[in-house]
Structure formats: structure tokens, C-alpha cells
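*Asks:* Before I ask anything, here is the structure I am working with.
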Amino acid sequence: MVAAASVYLFIGQDNPAKQAKLKEIQGTILPQDISDFNQDIVYAKDITLRNLQERLLFLPVRSARRLVVIKQAQQLKEDIRTYILLYAQAPA
């Protein structure tokens, strides 16, 4: 398995390019047959800090990693942004 960064940030309006890169990451770190169990895709406007923390603590199923995707991250509340920055420095 290829070592990968813990946090990725995609910026810009090129949604097809972002989707292609996300698919590449999914294919690299998630076993295809159980990827649904090891990833969460949420929207920033709908997530709370507690909900994000819970998702980051879920253990992966038959995999070394889980993937949490936050779409429209520009809409994240300040407390969640701060938490993500701190988490990126020392991920669980």
C-alpha cells in the first residue's frame, strides 16, 4: 500500500479534476469490495464538530485506512476548521 498524506485539500472550480483525483485516492487507499464501509462523504453545512470527530474515530473495516470527504469545505464553521487544522498536525 502506498503511504498517503492524512489530509488533502482540493481548491478551485474544476470539479471534474477534483472528482478524478478523489477517485484515484479512493482506489489507492480503500479496498474496492468494502469501500462503502470505509468512507464518509458529508457536506460542510450539515456536519457538526461532534459528528466529524465521531467519523474520524470510526475504525476501518478490513483496511488500514478510512476516508472522510467534506464537500463545500468553505462553509465549515470556525470550530470545525480549527479542529481539522489541529487534527492534520497529529492525526489519530
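Residues are named by chain letter and number: chains run A, B, ... in the order of the C-alpha cells, numbers start at 1 in each chain, and ligands are numbered from 1 in the order shown.
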Name the residues of chain A that fall into helix (DSSP H, G or I) according to DSSP on the backbone, using the chain letters and numbers of this document, as an MDAnalysis selection string.
*Replies:* chainID A and resid 15:29 32:38 44:46 49:57 73:75 78:89
*Asks:* Kindly assemble as a Markdown table a list of the segment 26-48 of chain A residues that lie within 8 Å of segment 64-86 of chain A, each paired with its nearest atom pair and their distance in Å to one decimal, using only C-alpha atoms, sorted first by chain and then by ascending residue number.
*Replies:*
| residue | atom | partner | partner_atom | distance |
| --- | --- | --- | --- | --- |
| A:Gln26 | CA | A:Leu67 | CA | 7.7 |
| A:Ile29 | CA | A:Arg65 | CA | 6.7 |
| A:Leu30 | CA | A:Arg65 | CA | 7.0 |
| A:Asn38 | CA | A:Arg66 | CA | 4.7 |
| A:Gln39 | CA | A:Leu67 | CA | 4.5 |
| A:Asp40 | CA | A:Val68 | CA | 4.8 |
| A:Ile41 | CA | A:Val69 | CA | 4.7 |
| A:Val42 | CA | A:Ile70 | CA | 5.1 |
| A:Tyr43 | CA | A:Lys71 | CA | 4.8 |
| A:Ala44 | CA | A:Leu76 | CA | 5.0 |
| A:Lys45 | CA | A:Gln75 | CA | 5.9 |
| A:Thr48 | CA | A:Ile80 | CA | 7.5 |
*Asks:* Using atom CA of Tyr87 of chain A and atom CA of Leu52 of chain A as the two end points, give the distance in Å to one decimal.
*Replies:*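 Taking atom CA of Tyr87 of chain A as the start and atom CA of Leu52 of chain A as the end point, the length is 11.2 Å.
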*Asks:* One number please: atom CA of Asn51 of chain A to atom CA of Gln32 of chain A, in Å, one decimal.
*Replies:*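 About the pair atom CA of Asn51 of chain A and atom CA of Gln32 of chain A: they are 25.1 Å apart.
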*Asks:* Run DSSP on the backbone and give me the residues of chain A it puts in strand (DSSP E or B), as a PyMOL selection string.
*Replies:* chain A and resi 39-43+67-71
*Asks:* Restricting it to C-alpha atoms, dump the selection as a PDB file, in the first residue's frame.
*Replies:*
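part03.pdb written:
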ATOM      1  CA  GLN A  39     -15.621   6.246   3.653  1.00  0.00           C
ATOM      2  CA  ASP A  40     -17.982   9.046   4.553  1.00  0.00           C
ATOM      3  CA  ILE A  41     -18.924  11.888   2.245  1.00  0.00           C
ATOM      4  CA  VAL A  42     -20.520  14.824   4.053  1.00  0.00           C
ATOM      5  CA  TYR A  43     -21.339  18.430   3.279  1.00  0.00           C
ATOM      6  CA  LEU A  67     -11.653   8.246   4.075  1.00  0.00           C
ATOM      7  CA  VAL A  68     -13.751  11.216   5.201  1.00  0.00           C
ATOM      8  CA  VAL A  69     -14.624  13.675   2.435  1.00  0.00           C
ATOM      9  CA  ILE A  70     -16.026  17.093   3.320  1.00  0.00           C
ATOM     10  CA  LYS A  71     -17.610  18.796   0.345  1.00  0.00           C
TER      11      LYS A  71
END
*Asks:* Atom CA of Gly27 of chain A and atom CA of Pro60 of chain A, how far apart in Å?
*Replies:*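 Between atom CA of Pro60 of chain A and atom CA of Gly27 of chain A the gap is 15.3 Å.
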*Asks:* List the neighbours of Ile34 of chain A out to 9 Å using only C-alpha atoms; skip same-chain residues closer than 5 positions along the sequence, and give me the result as a list of chain:residue names.
*Replies:*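 So the residues in contact are A:Val61, A:Arg62, A:Ser63.
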*Asks:* Could you dump the residues just selected with N, CA, C and O atoms as a CSV table (one decimal), in the first residue's frame?
*Replies:*
chain,number,residue,atom,x,y,z
A,61,VAL,N,-12.9,-1.0,8.3
A,61,VAL,CA,-13.3,-2.4,8.2
A,61,VAL,C,-12.3,-3.1,7.2
A,61,VAL,O,-12.2,-2.6,6.0
A,62,ARG,N,-11.6,-4.0,7.7
A,62,ARG,CA,-10.6,-4.8,6.8
A,62,ARG,C,-9.8,-3.9,5.9
A,62,ARG,O,-9.6,-4.2,4.8
A,63,SER,N,-9.3,-2.8,6.5
A,63,SER,CA,-8.5,-1.9,5.8
A,63,SER,C,-7.6,-1.1,6.8
A,63,SER,O,-7.9,-1.1,8.0
*Asks:* Rank A:Ile47, A:Ala20, A:Ala88, A:Leu56 by their smallest atom-to-atom distance to Val7 of chain A, using only C-alpha atoms, and report the top residue only.
*Replies:*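 The closest residue to Val7 of chain A is A:Ala88.
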*Asks:* Using only C-alpha atoms, can you tell me which of A:Leu57, A:Leu9, A:Leu49, A:Ala90 comes closest to Lys21 of chain A?
*Replies:*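 Ranked by minimum distance to Lys21 of chain A, first place goes to A:Leu9.
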